[in-house]
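> See protein-v8.cif below, with mmCIF, C-alpha atoms.
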data_my_file
loop_
_atom_site.label_atom_id
_atom_site.label_comp_id
_atom_site.auth_asym_id
_atom_site.auth_seq_id
_atom_site.Cartn_x
_atom_site.Cartn_y
_atom_site.Cartn_z
CA MET I 1 5.07 -23.23 13.12
CA THR I 2 7.52 -20.52 14.11
CA THR I 3 6.42 -16.93 13.99
CA TYR I 4 8.55 -14.18 12.56
CA GLY I 5 6.96 -11.20 14.27
CA THR I 6 5.03 -10.72 17.43
CA ILE I 7 1.63 -11.40 15.88
CA PRO I 8 1.04 -14.98 14.73
CA THR I 9 -0.57 -15.61 11.35
CA SER I 10 -3.49 -18.00 11.25
CA SER I 11 -4.12 -20.44 8.45
CA ASP I 12 -7.87 -19.67 8.50
CA ASP I 13 -8.92 -18.49 5.02
CA GLY I 14 -12.17 -16.80 6.03
CA SER I 15 -10.75 -14.39 8.53
CA SER I 16 -7.23 -14.02 7.09
CA LYS I 17 -8.04 -10.78 5.25
CA VAL I 18 -9.62 -9.25 8.33
CA GLU I 19 -6.71 -10.38 10.49
CA PHE I 20 -4.20 -8.96 8.01
CA LEU I 21 -6.00 -5.60 8.02
CA SER I 22 -6.17 -5.54 11.80
CA ARG I 23 -2.46 -6.43 12.07
CA ALA I 24 -1.61 -3.77 9.49
CA THR I 25 -3.66 -1.17 11.34
CA GLU I 26 -2.05 -2.14 14.63
CA ARG I 27 1.49 -1.92 13.20
CA ILE I 28 0.81 1.46 11.57
CA GLN I 29 -0.59 2.77 14.86
CA THR I 30 2.42 1.38 16.72
CA GLY I 31 4.80 3.06 14.27
CA LEU I 32 2.91 6.32 14.47
CA GLY I 33 2.78 5.88 18.24
CA ALA I 34 6.54 6.51 18.24
CA ARG I 35 5.72 9.94 16.83
CA ARG I 36 6.06 12.71 19.38
CA PRO I 37 3.27 15.27 19.86
CA TRP I 38 3.54 18.11 17.35
CA LYS I 39 2.84 20.55 20.18
CA GLU I 40 5.99 19.32 21.96
CA MET I 41 8.00 19.48 18.76
CA PHE I 42 7.05 23.06 17.96
CA ASN I 43 7.07 24.44 21.51
CA LEU I 44 8.13 28.07 21.00
CA HIS I 45 9.73 28.21 24.46
CA SER I 46 12.15 25.48 23.39
CA ILE I 47 13.45 27.35 20.35
CA ASP I 48 16.86 28.94 20.81
CA LEU I 49 19.87 29.34 18.57
CA PRO I 50 22.84 27.14 19.50
CA HIS I 51 25.91 28.96 20.82
CA GLY I 52 28.11 27.39 18.19
CA PHE I 53 28.77 24.35 16.05
CA ALA I 54 29.86 22.37 19.12
CA ASP I 55 26.47 23.06 20.73
CA ALA I 56 24.47 22.33 17.56
CA ILE I 57 25.80 18.80 16.89
CA PRO I 58 24.58 17.23 20.19
CA ARG I 59 21.23 19.00 19.75
CA ILE I 60 20.85 17.61 16.24
CA LYS I 61 21.71 14.08 17.38
CA THR I 62 19.36 14.18 20.38
CA ASN I 63 16.47 15.81 18.54
CA PHE I 64 16.88 13.48 15.57
CA GLY I 65 16.65 10.44 17.82
CA TYR I 66 13.75 11.86 19.81
CA PHE I 67 11.65 13.25 16.93
CA LEU I 68 12.64 10.67 14.29
CA MET I 69 9.12 9.67 13.25
CA ASN I 70 8.03 13.33 13.10
CA TYR I 71 11.01 14.15 10.89
CA VAL I 72 10.26 11.24 8.56
CA ILE I 73 6.66 12.45 8.25
CA ILE I 74 7.85 16.00 7.48
CA VAL I 75 10.23 14.83 4.72
CA LEU I 76 7.57 12.55 3.20
CA VAL I 77 4.96 15.33 3.23
CA ILE I 78 7.38 17.72 1.51
CA LEU I 79 8.17 15.03 -1.08
CA PHE I 80 4.47 14.30 -1.56
CA LEU I 81 3.64 17.99 -2.01
CA SER I 82 6.43 18.42 -4.53
CA LEU I 83 5.06 15.51 -6.58
CA LEU I 84 1.60 17.08 -6.93
CA TRP I 85 2.80 18.77 -10.13
CA HIS I 86 4.07 15.43 -11.48
CA PRO I 87 1.05 13.10 -11.39
CA ILE I 88 2.89 10.09 -12.84
CA SER I 89 5.59 10.43 -10.18
CA LEU I 90 2.91 10.78 -7.53
CA ILE I 91 1.22 7.56 -8.66
CA VAL I 92 4.57 5.75 -8.69
CA PHE I 93 5.33 7.16 -5.21
CA VAL I 94 2.01 5.90 -3.81
CA VAL I 95 2.45 2.45 -5.39
CA LEU I 96 5.99 2.24 -4.01
CA MET I 97 4.77 3.23 -0.54
CA ALA I 98 2.22 0.41 -0.72
CA ALA I 99 4.98 -2.00 -1.81
CA TRP I 100 7.16 -0.91 1.12
CA LEU I 101 4.27 -1.33 3.54
CA PHE I 102 3.27 -4.79 2.39
CA LEU I 103 6.68 -6.25 1.57
CA TYR I 104 8.74 -4.75 4.39
CA PHE I 105 6.93 -3.01 7.22
CA LEU I 106 3.71 -5.01 7.67
CA ARG I 107 5.01 -8.56 7.28
CA ASP I 108 5.00 -10.82 10.31
CA GLU I 109 6.55 -13.78 8.50
CA PRO I 110 9.67 -13.91 6.35
CA LEU I 111 9.25 -13.42 2.62
CA VAL I 112 9.48 -16.73 0.74
CA LEU I 113 10.05 -16.96 -3.02
CA PHE I 114 10.48 -20.29 -4.82
CA HIS I 115 10.70 -22.08 -1.43
CA ARG I 116 13.59 -19.85 -0.33
CA THR I 117 13.44 -17.42 2.57
CA ILE I 118 14.51 -13.91 1.58
CA ASP I 119 16.45 -11.93 4.19
CA ASP I 120 15.05 -8.55 5.28
CA ARG I 121 18.23 -6.80 4.16
CA VAL I 122 17.78 -8.17 0.65
CA VAL I 123 14.14 -7.05 0.61
CA MET I 124 15.17 -3.58 1.77
CA ALA I 125 17.99 -3.33 -0.78
CA VAL I 126 15.79 -4.45 -3.67
CA LEU I 127 12.96 -2.12 -2.65
CA SER I 128 15.41 0.77 -2.30
CA VAL I 129 16.89 0.20 -5.76
CA VAL I 130 13.44 -0.23 -7.34
CA THR I 131 12.22 2.95 -5.61
CA ILE I 132 15.15 5.02 -6.80
CA VAL I 133 15.06 3.66 -10.36
CA LEU I 134 11.30 4.05 -10.80
CA LEU I 135 11.21 7.57 -9.37
CA LEU I 136 14.14 8.60 -11.56
CA LEU I 137 12.45 7.13 -14.64
CA THR I 138 9.35 9.29 -14.08
CA GLY I 139 11.21 12.43 -15.17
CA ALA I 140 10.94 14.24 -11.86
CA THR I 141 14.53 13.62 -10.79
CA MET I 142 15.44 17.22 -9.99
CA ASN I 143 12.10 17.80 -8.29
CA ILE I 144 12.58 14.74 -6.07
CA MET I 145 16.17 15.65 -5.22
CA PHE I 146 15.27 19.24 -4.35
CA SER I 147 12.27 18.24 -2.26
CA VAL I 148 14.31 15.69 -0.28
CA LEU I 149 17.10 18.27 0.20
CA ILE I 150 14.55 20.83 1.38
CA GLY I 151 13.05 18.25 3.76
CA VAL I 152 16.47 17.37 5.17
CA ALA I 153 17.33 21.08 5.53
CA VAL I 154 14.08 21.72 7.43
CA VAL I 155 14.80 18.77 9.72
CA VAL I 156 18.41 19.81 10.41
CA VAL I 157 17.45 23.43 11.09
CA HIS I 158 14.70 22.38 13.49
CA ALA I 159 16.98 19.87 15.22
CA ALA I 160 19.68 22.52 15.63
CA ILE I 161 17.48 25.30 17.04
CA ARG I 162 15.28 23.18 19.33
CA LYS I 163 16.67 22.95 22.85
CA THR I 164 16.86 19.49 24.37
CA ASP I 165 16.50 20.48 28.03
CA ASP I 166 12.79 19.62 28.26
CA LEU I 167 12.83 16.28 26.40
CA CYS I 168 11.99 13.10 28.33
CA LEU I 169 15.15 11.06 27.80
CA ASP I 170 15.81 7.68 29.40
CA GLU I 171 18.43 7.07 32.11
CA ASP I 172 21.13 5.96 29.68
CA GLY I 173 21.13 9.40 28.08
CA GLY I 174 19.55 7.97 24.97
CA GLU I 175 16.28 8.96 23.50
CA ALA I 176 13.17 7.24 24.75
CA GLY I 177 11.59 5.62 21.72
CA GLY I 178 14.37 6.67 19.38
CA PHE I 179 15.53 4.96 16.19
CA LEU I 180 15.69 1.46 17.61
CA ALA I 181 12.14 1.70 18.91
CA VAL I 182 10.71 2.33 15.43
CA SER I 183 12.98 0.12 13.38
CA SER I 184 11.46 -2.36 10.98
CA PRO I 185 11.04 -6.15 11.30
#
Any chance you could put this one into structure tokens?

Amino acid sequence: MTTYGTIPTSSDDGSSKVEFLSRATERIQTGLGARRPWKEMFNLHSIDLPHGFADAIPRIKTNFGYFLMNYVIIVLVILFLSLLWHPISLIVFVVLMAAWLFLYFLRDEPLVLFHRTIDDRVVMAVLSVVTIVLLLLTGATMNIMFSVLIGVAVVVVHAAIRKTDDLCLDEDGGEAGGFLAVSSP
């Protein structure tokens, strides 16, 4: 039996639920482990306006790579808070998050439907389309768009004004634990 991820799946029925929960918990902790400390992110001594557009772009790229998981959490929290006034959209959002977790992020074997293996890109594309369609059908389209725009604006402003001098970058000049470190299966 070939394994898809790093954690093998057992065929034992009695402990399979416990193993799945422990694998899920471990993967969530690993993903959140890529998150940088909030104290480091909001260090007031590291806040300074860039000297110009040419100075802001490298800051944004470096900070985005370094604080990626923090930025994702910020945008999702802003989206979640905006959906509090739209309970149906909030329920759909939570159900879709569960679908993303179980069908994309927490799998350690490829998805098989009708004896055919489904590629991860297909799973991601289908989940993305379903997410967009269902959230748009809930009637909170403008609310969702504004909250995501606000989240992106907050992220870009923070990335532009946070200096990168004190970040622990690897020798290649890239970000330690950047986008590739937290990418999905």
> To one decimal place in Å, what is the distance between CA of Thr138 in chain I and CA of Ser89 in chain I?
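If I compute the distance from CA of Thr138 in chain I to CA of Ser89 in chain I, I get 5.5 Å.
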> Show me, as a ChimeraX atom specification, the residues that have an atom within 12 Å of Ile132 in chain I when counting only C-alpha atoms, minus same-chain residues fewer than 5 positions from it.
/I:89,92-93,96,125-127,137-141,144-145
> Rounded to one decimal, what separation in Å do you get between CA of Phe67 in chain I and CA of Asp55 in chain I?
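Computed distance, CA of Phe67 in chain I to CA of Asp55 in chain I, equals 18.2 Å.
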> Can you work out which one of I:Val123, I:Met142, I:Val95, I:Val148 has the shortest atom-to-atom distance to Leu76 in chain I, counting only C-alpha atoms?
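Selected residue with least distance to Leu76 in chain I: I:Val148.
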> Once the PyMOL selection byres ((chain I and resi 78) around 12) has been applied to the shown file, what residues remain in the selection, as a PDB file with C-alpha atoms, keeping the file's coordinate frame?

ATOM      1  CA  TYR I  71      11.010  14.150  10.890  1.00  0.00           C
ATOM      2  CA  VAL I  72      10.260  11.240   8.560  1.00  0.00           C
ATOM      3  CA  ILE I  73       6.660  12.450   8.250  1.00  0.00           C
ATOM      4  CA  ILE I  74       7.850  16.000   7.480  1.00  0.00           C
ATOM      5  CA  VAL I  75      10.230  14.830   4.720  1.00  0.00           C
ATOM      6  CA  LEU I  76       7.570  12.550   3.200  1.00  0.00           C
ATOM      7  CA  VAL I  77       4.960  15.330   3.230  1.00  0.00           C
ATOM      8  CA  LEU I  79       8.170  15.030  -1.080  1.00  0.00           C
ATOM      9  CA  PHE I  80       4.470  14.300  -1.560  1.00  0.00           C
ATOM     10  CA  LEU I  81       3.640  17.990  -2.010  1.00  0.00           C
ATOM     11  CA  SER I  82       6.430  18.420  -4.530  1.00  0.00           C
ATOM     12  CA  LEU I  83       5.060  15.510  -6.580  1.00  0.00           C
ATOM     13  CA  LEU I  84       1.600  17.080  -6.930  1.00  0.00           C
ATOM     14  CA  ASN I 143      12.100  17.800  -8.290  1.00  0.00           C
ATOM     15  CA  ILE I 144      12.580  14.740  -6.070  1.00  0.00           C
ATOM     16  CA  MET I 145      16.170  15.650  -5.220  1.00  0.00           C
ATOM     17  CA  PHE I 146      15.270  19.240  -4.350  1.00  0.00           C
ATOM     18  CA  SER I 147      12.270  18.240  -2.260  1.00  0.00           C
ATOM     19  CA  VAL I 148      14.310  15.690  -0.280  1.00  0.00           C
ATOM     20  CA  LEU I 149      17.100  18.270   0.200  1.00  0.00           C
ATOM     21  CA  ILE I 150      14.550  20.830   1.380  1.00  0.00           C
ATOM     22  CA  GLY I 151      13.050  18.250   3.760  1.00  0.00           C
ATOM     23  CA  VAL I 152      16.470  17.370   5.170  1.00  0.00           C
ATOM     24  CA  ALA I 153      17.330  21.080   5.530  1.00  0.00           C
ATOM     25  CA  VAL I 154      14.080  21.720   7.430  1.00  0.00           C
ATOM     26  CA  VAL I 155      14.800  18.770   9.720  1.00  0.00           C
TER      27      VAL I 155
END
> Which residue gives the smallest distance to Val94 in chain I among I:Thr164, I:Ser22, I:Asn43, I:Thr131, with all atoms listed in the file counted?
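The answer is I:Thr131, which sits nearest to Val94 in chain I.
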> Which one of I:Val156, I:Leu44, I:Ile88, I:Val133 sits closest to Arg59 in chain I if you count all atoms listed in the file?
I:Val156
> What separation in Å, quoted to one decimal, exists between CA of Pro50 in chain I and CA of Ile161 in chain I?
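According to the coordinates, CA of Pro50 in chain I and CA of Ile161 in chain I are separated by 6.2 Å.
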> Identify which of the residues I:Leu135, I:Val157, I:Tyr66, I:Glu40 lies closest to Leu90 in chain I, counting all atoms listed in the file when measuring atom-to-atom distances.
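For Leu90 in chain I, the nearest of the candidates is I:Leu135.
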> Give the answer as one residue: which of I:Ile47, I:Ile60, I:Ala99, I:Met41 has the shortest atom-to-atom distance to Val130 in chain I, using only C-alpha atoms?
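Closest to Val130 in chain I, using only C-alpha atoms: I:Ala99.
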> For range 28-106 of chain I versus range 110-119 of chain I, which residues have an atom no more than 12 Å away, and what is each residue's nearest atom pair and distance in Å rounded to one decimal, using only C-alpha atoms, chain-then-number order, as a Markdown table?

| residue | atom | partner | partner_atom | distance |
| --- | --- | --- | --- | --- |
| I:Phe102 | CA | I:Leu111 | CA | 10.5 |
| I:Leu103 | CA | I:Leu111 | CA | 7.7 |
| I:Tyr104 | CA | I:Leu111 | CA | 8.9 |
| I:Phe105 | CA | I:Pro110 | CA | 11.3 |
| I:Leu106 | CA | I:Pro110 | CA | 10.8 |
> I need the residue nearest Asp165 in chain I from this list: I:Asp48, I:Asn70, I:Pro37, I:Gly65. Use all atoms listed in the file for the distance.
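Of I:Asp48, I:Asn70, I:Pro37, I:Gly65, the one nearest Asp165 in chain I, counting all atoms listed in the file, is I:Asp48.
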